[in-house]
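structure_2.cif follows; it contains mmCIF, C-alpha atoms and all ligand atoms.
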```cif
data_final
#
loop_
_atom_site.label_atom_id
_atom_site.label_comp_id
_atom_site.auth_asym_id
_atom_site.auth_seq_id
_atom_site.Cartn_x
_atom_site.Cartn_y
_atom_site.Cartn_z
CA MET B 8 120.22 106.63 -98.48
CA ILE B 9 120.56 109.03 -101.35
CA ASP B 10 117.13 109.47 -102.85
CA LYS B 11 117.32 110.26 -106.55
CA HIS B 12 113.62 111.14 -106.63
CA SER B 13 113.87 113.63 -103.80
CA PRO B 14 113.58 117.34 -104.67
CA LEU B 15 116.73 117.85 -102.56
CA PRO B 16 119.87 118.07 -104.69
CA LEU B 17 122.05 114.96 -104.55
CA TYR B 18 125.15 116.84 -103.40
CA TYR B 19 123.10 118.27 -100.53
CA GLN B 20 121.88 114.84 -99.48
CA LEU B 21 125.43 113.51 -99.41
CA GLU B 22 126.60 116.58 -97.56
CA GLU B 23 123.95 116.05 -94.86
CA ARG B 24 124.78 112.34 -94.68
CA ILE B 25 128.48 113.05 -94.04
CA LYS B 26 127.64 115.85 -91.61
CA LYS B 27 125.42 113.49 -89.60
CA SER B 28 128.25 110.95 -89.35
CA ILE B 29 130.54 113.69 -88.00
CA ILE B 30 128.00 115.00 -85.48
CA SER B 31 127.15 111.47 -84.27
CA GLU B 32 130.92 110.83 -84.02
CA GLU B 33 130.67 107.83 -86.32
CA LEU B 34 133.39 109.76 -88.14
CA GLN B 35 135.98 111.13 -85.71
CA PRO B 36 138.31 114.14 -86.04
CA GLY B 37 141.35 113.08 -88.06
CA ASP B 38 139.51 110.21 -89.82
CA VAL B 39 140.12 110.05 -93.53
CA LEU B 40 137.07 110.27 -95.76
CA PRO B 41 136.61 107.55 -98.43
CA SER B 42 137.90 108.71 -101.82
CA GLU B 43 135.68 110.51 -104.31
CA ARG B 44 135.67 107.35 -106.41
CA GLU B 45 134.56 105.16 -103.50
CA LEU B 46 131.83 107.57 -102.47
CA SER B 47 130.54 107.89 -106.00
CA GLU B 48 130.45 104.08 -106.36
CA ASN B 49 128.86 103.53 -102.93
CA TYR B 50 126.11 106.06 -103.49
CA GLN B 51 125.78 105.64 -107.24
CA ILE B 52 126.23 109.32 -107.93
CA SER B 53 128.67 111.19 -110.13
CA ARG B 54 132.11 112.20 -108.89
CA MET B 55 131.22 115.81 -109.63
CA THR B 56 128.32 115.59 -107.19
CA VAL B 57 130.59 114.02 -104.57
CA ARG B 58 133.16 116.77 -105.12
CA GLN B 59 130.57 119.47 -104.62
CA ALA B 60 129.39 117.95 -101.32
CA ILE B 61 132.97 117.66 -100.07
CA THR B 62 133.89 121.20 -101.14
CA ASN B 63 130.88 122.55 -99.25
CA LEU B 64 131.88 120.66 -96.11
CA VAL B 65 135.47 121.89 -96.45
CA ASN B 66 134.19 125.46 -96.77
CA LYS B 67 132.01 125.00 -93.69
CA GLY B 68 134.98 123.66 -91.70
CA TYR B 69 133.74 120.08 -91.22
CA LEU B 70 136.45 118.63 -93.45
CA TYR B 71 139.91 119.63 -94.58
CA ARG B 72 142.01 118.50 -97.52
CA GLU B 73 145.68 117.58 -97.40
CA LYS B 74 147.45 117.58 -100.74
CA GLY B 75 148.31 114.09 -101.88
CA LYS B 76 146.85 112.51 -98.73
CA GLY B 77 143.09 112.91 -98.91
CA THR B 78 140.22 114.57 -97.11
CA PHE B 79 139.97 114.41 -93.32
CA VAL B 80 137.43 115.19 -90.63
CA SER B 81 138.25 118.43 -88.77
CA SER B 82 138.13 118.81 -85.04
CA GLN B 83 135.19 120.92 -83.97
CA LYS B 84 136.04 124.49 -83.02
CA PHE B 85 136.30 125.56 -79.40
CA GLU B 86 133.82 128.28 -78.74
CA GLN B 87 134.74 131.04 -76.37
CA ASN B 88 132.43 133.61 -74.94
CA LEU B 89 133.81 137.11 -75.25
CA GLN B 90 132.15 138.28 -72.06
CA GLY B 91 134.04 137.67 -68.85
CA LEU B 92 137.69 138.34 -68.14
CA THR B 93 138.90 134.77 -67.98
CA SER B 94 142.30 133.14 -68.28
CA PHE B 95 143.29 130.55 -70.83
CA THR B 96 143.44 127.94 -68.04
CA GLU B 97 139.88 128.76 -66.94
CA ASP B 98 138.61 128.74 -70.54
CA MET B 99 139.98 125.27 -71.19
CA LYS B 100 138.85 123.81 -67.85
CA ALA B 101 135.34 125.13 -68.48
CA ARG B 102 135.33 122.88 -71.54
CA ASN B 103 136.72 119.87 -69.71
CA LEU B 104 139.97 120.17 -71.63
CA VAL B 105 143.36 119.93 -70.00
CA PRO B 106 145.15 123.29 -70.32
CA GLY B 107 148.83 123.24 -71.13
CA SER B 108 151.58 125.77 -71.49
CA LYS B 109 154.97 125.54 -73.14
CA LEU B 110 157.32 128.39 -72.43
CA LEU B 111 158.97 129.56 -75.65
CA HIS B 112 160.68 132.69 -74.34
CA PHE B 113 161.24 134.37 -70.99
CA GLU B 114 163.11 137.61 -70.66
CA ILE B 115 163.48 140.51 -68.22
CA SER B 116 164.49 143.68 -70.02
CA PRO B 117 163.71 147.38 -70.52
CA ALA B 118 160.53 147.89 -72.55
CA ILE B 119 160.26 149.40 -76.00
CA GLU B 120 158.58 152.81 -76.08
CA GLU B 121 155.09 151.59 -77.06
CA ILE B 122 154.91 149.05 -74.22
CA LYS B 123 156.50 151.47 -71.76
CA GLU B 124 153.86 154.04 -72.51
CA TRP B 125 151.01 151.62 -72.29
CA LEU B 126 152.15 150.08 -69.00
CA SER B 127 152.84 153.61 -67.64
CA LEU B 128 156.41 152.63 -66.79
CA GLU B 129 159.04 154.92 -65.46
CA GLU B 130 162.37 155.30 -67.28
CA GLU B 131 164.61 152.24 -66.82
CA GLU B 132 161.77 150.12 -65.41
CA LEU B 133 161.94 146.46 -66.36
CA ILE B 134 159.31 144.24 -67.90
CA TYR B 135 158.82 140.52 -68.41
CA LYS B 136 158.50 139.49 -72.01
CA ILE B 137 156.95 136.05 -72.08
CA LYS B 138 156.05 133.92 -75.05
CA ARG B 139 153.99 130.79 -74.40
CA LEU B 140 152.43 128.14 -76.57
CA ARG B 141 149.00 127.37 -75.13
CA LEU B 142 147.63 123.85 -75.49
CA ALA B 143 144.33 122.07 -74.97
CA ASN B 144 144.62 118.33 -74.42
CA ASP B 145 148.17 118.65 -75.80
CA GLU B 146 146.94 120.23 -79.01
CA PRO B 147 148.42 123.68 -79.86
CA ILE B 148 145.75 126.39 -79.79
CA ALA B 149 147.52 129.73 -79.47
CA VAL B 150 150.83 131.49 -79.21
CA GLU B 151 150.73 134.25 -76.63
CA THR B 152 153.23 137.06 -76.01
CA SER B 153 152.76 138.94 -72.74
CA TYR B 154 154.42 142.04 -71.32
CA LEU B 155 154.12 142.75 -67.59
CA PRO B 156 155.92 145.19 -65.27
CA VAL B 157 158.45 143.42 -63.04
CA LYS B 158 157.75 145.63 -60.04
CA LEU B 159 154.09 144.55 -60.02
CA ILE B 160 154.77 140.82 -60.33
CA PRO B 161 157.97 140.11 -58.41
CA GLY B 162 159.35 136.61 -58.41
CA LEU B 163 157.80 135.38 -61.62
CA THR B 164 159.81 132.39 -62.88
CA PRO B 165 159.62 130.07 -65.90
CA ASP B 166 158.37 127.33 -63.55
CA ILE B 167 155.35 129.37 -62.46
CA LEU B 168 154.48 129.98 -66.11
CA GLY B 169 153.99 126.26 -66.68
CA ASN B 170 150.71 126.90 -64.83
CA SER B 171 148.22 129.74 -64.74
CA LEU B 172 149.65 133.26 -64.64
CA TYR B 173 146.33 134.70 -63.40
CA LYS B 174 146.28 132.17 -60.56
CA TYR B 175 149.76 133.29 -59.49
CA ILE B 176 148.74 136.95 -59.67
CA GLU B 177 145.51 136.45 -57.71
CA ASP B 178 146.29 133.62 -55.29
CA ASP B 179 149.97 134.10 -54.58
CA LEU B 180 150.35 137.85 -55.00
CA GLN B 181 146.81 138.64 -53.82
CA LEU B 182 146.26 141.22 -56.54
CA SER B 183 142.77 141.82 -57.95
CA ILE B 184 142.48 141.74 -61.72
CA GLY B 185 139.81 144.28 -62.67
CA HIS B 186 139.01 144.78 -66.32
CA ALA B 187 140.49 144.57 -69.80
CA ALA B 188 140.09 145.98 -73.28
CA GLN B 189 140.32 143.35 -75.97
CA THR B 190 140.42 143.47 -79.75
CA VAL B 191 140.09 140.61 -82.22
CA GLU B 192 141.30 140.82 -85.80
CA ALA B 193 142.12 138.51 -88.67
CA ALA B 194 145.72 137.93 -89.71
CA ILE B 195 147.96 135.46 -91.47
CA VAL B 196 150.06 133.23 -89.24
CA ARG B 197 153.56 134.58 -88.67
CA ASP B 198 156.32 132.38 -90.04
CA GLU B 199 157.87 131.97 -86.60
CA ASP B 200 154.59 130.55 -85.20
CA ILE B 201 153.95 127.98 -87.95
CA LYS B 202 155.82 125.13 -86.35
CA HIS B 203 154.52 125.84 -82.85
CA LEU B 204 150.89 125.96 -83.96
CA ASN B 205 151.41 123.04 -86.33
CA VAL B 206 149.69 124.76 -89.26
CA ASN B 207 150.55 125.44 -92.88
CA LYS B 208 152.14 128.64 -94.11
CA ASN B 209 149.73 131.52 -94.78
CA VAL B 210 146.74 130.09 -92.87
CA PRO B 211 144.50 132.60 -91.08
CA VAL B 212 144.74 133.19 -87.34
CA LEU B 213 142.73 135.29 -84.93
CA LEU B 214 144.89 137.98 -83.46
CA ILE B 215 143.74 138.97 -80.00
CA GLN B 216 145.16 141.81 -78.04
CA ARG B 217 144.25 142.23 -74.38
CA GLU B 218 145.18 145.16 -72.20
CA THR B 219 144.43 144.25 -68.61
CA TYR B 220 144.20 146.48 -65.53
CA LEU B 221 144.12 145.73 -61.83
CA GLU B 222 141.03 146.78 -59.93
CA ASP B 223 142.73 150.03 -58.87
CA GLY B 224 143.37 150.91 -62.51
CA THR B 225 147.09 150.00 -62.65
CA PRO B 226 148.00 148.53 -66.06
CA LEU B 227 148.91 144.85 -65.48
CA GLU B 228 149.63 143.25 -68.84
CA ILE B 229 149.52 143.71 -72.55
CA VAL B 230 149.12 140.44 -74.38
CA LYS B 231 149.15 139.63 -78.07
CA SER B 232 147.86 136.18 -78.96
CA SER B 233 147.50 134.30 -82.24
CA TYR B 234 144.75 131.73 -82.06
CA ARG B 235 144.33 128.99 -84.65
CA ALA B 236 141.29 130.13 -86.62
CA ASP B 237 140.49 126.55 -87.60
CA ARG B 238 140.14 125.53 -83.94
CA TYR B 239 138.73 128.57 -82.23
CA LYS B 240 135.72 130.80 -82.57
CA PHE B 241 134.39 133.60 -80.41
CA LYS B 242 130.85 134.05 -79.30
CA ILE B 243 129.21 137.29 -78.20
CA ASN B 244 125.78 137.41 -76.63
CA ILE B 245 123.98 140.50 -77.78
CA GLU B 246 120.72 142.00 -76.65
CA ARG B 247 118.30 144.30 -78.34
CA LYS B 248 117.34 146.76 -75.65
C1 LIG B 301 144.37 134.56 -71.75
C2 LIG B 301 144.56 136.04 -72.02
C3 LIG B 301 145.88 136.56 -71.53
C4 LIG B 301 146.19 136.09 -70.13
C5 LIG B 301 146.08 134.59 -70.05
C6 LIG B 301 146.34 134.07 -68.65
O1 LIG B 301 145.05 133.78 -72.66
N1 LIG B 301 144.41 136.34 -73.43
O2 LIG B 301 145.82 137.97 -71.55
O3 LIG B 301 147.50 136.49 -69.76
O4 LIG B 301 144.78 134.20 -70.44
O5 LIG B 301 146.21 132.69 -68.74
P1 LIG B 301 146.73 131.69 -67.65
O6 LIG B 301 146.24 132.20 -66.31
O7 LIG B 301 146.16 130.38 -68.01
O8 LIG B 301 148.24 131.69 -67.68
#
```
Go ahead and express the file in the form of structure tokens.
Ligand code: GLP
Amino acid sequence: MIDKHSPLPLYYQLEERIKKSIISEELQPGDVLPSERELSENYQISRMTVRQAITNLVNKGYLYREKGKGTFVSSQKFEQNLQGLTSFTEDMKARNLVPGSKLLHFEISPAIEEIKEWLSLEEEELIYKIKRLRLANDEPIAVETSYLPVKLIPGLTPDILGNSLYKYIEDDLQLSIGHAAQTVEAAIVRDEDIKHLNVNKNVPVLLIQRETYLEDGTPLEIVKSSYRADRYKFKINIERK
């Protein structure tokens, strides 16, 4: 299986071999990889060669190492198209995953200046501040903090937020969501999100900020989300005109 006479480097052959097992699902996410010693004995190659193949697969995101425990197969990343103003619930359903939401914080209060300005609020107007953990098949994907004007979305309750917010806005309140401006940037996970996202300290996250407007131009929400960078990637289709 590893051909010592091939012009292809040995580490590369092993890398491809392991990659194939992951793609064919012979190795499943969460499976532990045999130890370096076992692999080097099985394939009759040096441990240094094995280490190089594993390091490359870790760097490419196929595998991850846990100190003192071993090397494991990563889950494949969810890919999300950046076109289209979709909700988390729609994104997950489109992938045949079960969307989930855990409410971490729900508050009605006056807004801080920055939010007040952005949502074009009048003095003393109230906003919802909502923090939700978003899940896919029960796995934590993102922590999302949303600010919305109370007068636009009356009657929002913690119960409703167990399901889709956009569905409530569109189906129950009959409002039309129009467009949004969204930015994506790299950041380090905030300490307060570590346990919710079930990640280690200092891992990277994708910070997404969305400012959404109703069709008539009224500002609807400002949302700051931290997505697990090991589980999520964004795709943009681009065209050369
Ligand atoms: C995404 C967006 C948020 C939006 C949310 C609504 O996560 N980044 O801006 O509020 O979807 O999701 P849902 O309708 O599932 O509650």
Query raised in the report: To one decimal place, how far is atom CA of B:Ser171 from atom CA of B:Ala101 in Å?
Result: 14.2 Å
Requested in this report: For B:Lys158, work out the shell of residues within 9 Å, counting all atoms listed in the file and skipping chain neighbours fewer than 3 positions away, then give it as a count of residues only.
Outcome: 5
Please determine an axis-aligned box that encloses all atoms of ligand LIG 301 (chain B) listed in the file, with 6 Å added on each side, and express its centre and edge lengths in Å to one decimal as JSON.
```
{"center_x": 146.3, "center_y": 134.2, "center_z": -69.9, "size_x": 15.9, "size_y": 19.6, "size_z": 19.1}
```
Query raised in the report: Rounded to one decimal in Å, what is the spacing between atom CA of B:Asn63 and atom CA of B:Tyr234?
Result: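 Distance between the two atoms: 23.9 Å.
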Query raised in the report: Contacts of B:Val210 at 7 Å or less, counting only C-alpha atoms, minus same-chain residues fewer than 3 places along, as JSON, numbers by chain?
Result: {"B": [195, 196, 207]}
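Straight-line separation from atom CA of B:Arg247 to atom CA of B:Ser94: 28.3 Å.
Each of B:Tyr69, B:Tyr50, B:Phe85, B:Tyr173 was checked against B:Lys240 using only C-alpha atoms; the smallest atom-to-atom distance is that of B:Phe85.
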Query raised in the report: Do you know which residues are within 7 Å of ligand LIG 301 (chain B) using all atoms listed in the file? Can you write them as a list in words?
Result: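 Residues lying within 7 Å of ligand LIG 301 (chain B): Thr93, Ser94, Phe95, Thr96, Glu97, Glu151, Ser153, Leu168, Asn170, Ser171, Leu172, Tyr173, Lys174, Arg217, Ile229, Val230 and Ser232 of chain B.
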Query raised in the report: Which residue out of B:His12, B:His186, B:Lys26, B:Arg141 has the minimum interatomic distance to B:Glu218 when all atoms listed in the file are used?
Result: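 Closest residue, counting all atoms listed in the file: B:His186.
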Query - Using all atoms listed in the file: which of B:Lys231, B:Arg102, B:Lys109, B:Lys74 has the shortest distance to B:Lys136 - result: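 The shortest atom-to-atom distance to B:Lys136 comes from B:Lys231.
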Tell me, counting all atoms listed in the file, for each residue of stretch 75-146 of chain B within 10 Å of stretch 38-44 of chain B, which pair of atoms is nearest and how far apart they are in Å to one decimal, in rows ordered by chain and increasing number, as a tab-separated table.
```
residue	atom	partner	partner_atom	distance
B:Lys76	CA	B:Val39	CA	8.9
B:Gly77	CA	B:Val39	CA	6.8
B:Thr78	CA	B:Leu40	CA	5.5
B:Phe79	CA	B:Val39	CA	4.4
B:Val80	CA	B:Asp38	CA	5.5
B:Ser81	CA	B:Asp38	CA	8.4
B:Ser82	CA	B:Asp38	CA	9.9
```
Output stretch 179-192 of chain B with N, CA and C atoms present, as a compact mmCIF listing (two decimals), keeping the file's coordinate frame.
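Written output follows (out.txt):
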```txt
# COMPACT_ATOMS: atom_id res chain seq x y z
N ASP B 179 148.69 133.95 -55.27
CA ASP B 179 149.97 134.10 -54.58
C ASP B 179 150.28 135.56 -54.27
N LEU B 180 150.02 136.44 -55.23
CA LEU B 180 150.35 137.85 -55.00
C LEU B 180 149.17 138.64 -54.42
N GLN B 181 148.00 137.99 -54.40
CA GLN B 181 146.81 138.64 -53.82
C GLN B 181 146.46 139.97 -54.49
N LEU B 182 146.66 140.02 -55.80
CA LEU B 182 146.26 141.22 -56.54
C LEU B 182 144.89 140.96 -57.17
N SER B 183 144.09 142.02 -57.34
CA SER B 183 142.77 141.82 -57.95
C SER B 183 142.78 142.31 -59.39
N ILE B 184 142.55 141.38 -60.30
CA ILE B 184 142.48 141.74 -61.72
C ILE B 184 141.10 142.37 -61.95
N GLY B 185 141.07 143.54 -62.57
CA GLY B 185 139.81 144.28 -62.67
C GLY B 185 139.12 144.17 -64.01
N HIS B 186 139.68 144.79 -65.02
CA HIS B 186 139.01 144.78 -66.32
C HIS B 186 140.05 144.78 -67.43
N ALA B 187 139.56 144.59 -68.67
CA ALA B 187 140.49 144.57 -69.80
C ALA B 187 139.80 145.11 -71.04
N ALA B 188 140.60 145.61 -71.96
CA ALA B 188 140.09 145.98 -73.28
C ALA B 188 140.68 144.97 -74.24
N GLN B 189 139.83 144.42 -75.09
CA GLN B 189 140.32 143.35 -75.97
C GLN B 189 139.88 143.60 -77.40
N THR B 190 140.79 143.38 -78.34
CA THR B 190 140.42 143.47 -79.75
C THR B 190 140.69 142.12 -80.42
N VAL B 191 139.91 141.84 -81.45
CA VAL B 191 140.09 140.61 -82.22
C VAL B 191 140.20 141.00 -83.67
N GLU B 192 141.22 140.54 -84.36
CA GLU B 192 141.30 140.82 -85.80
C GLU B 192 141.87 139.63 -86.55
```
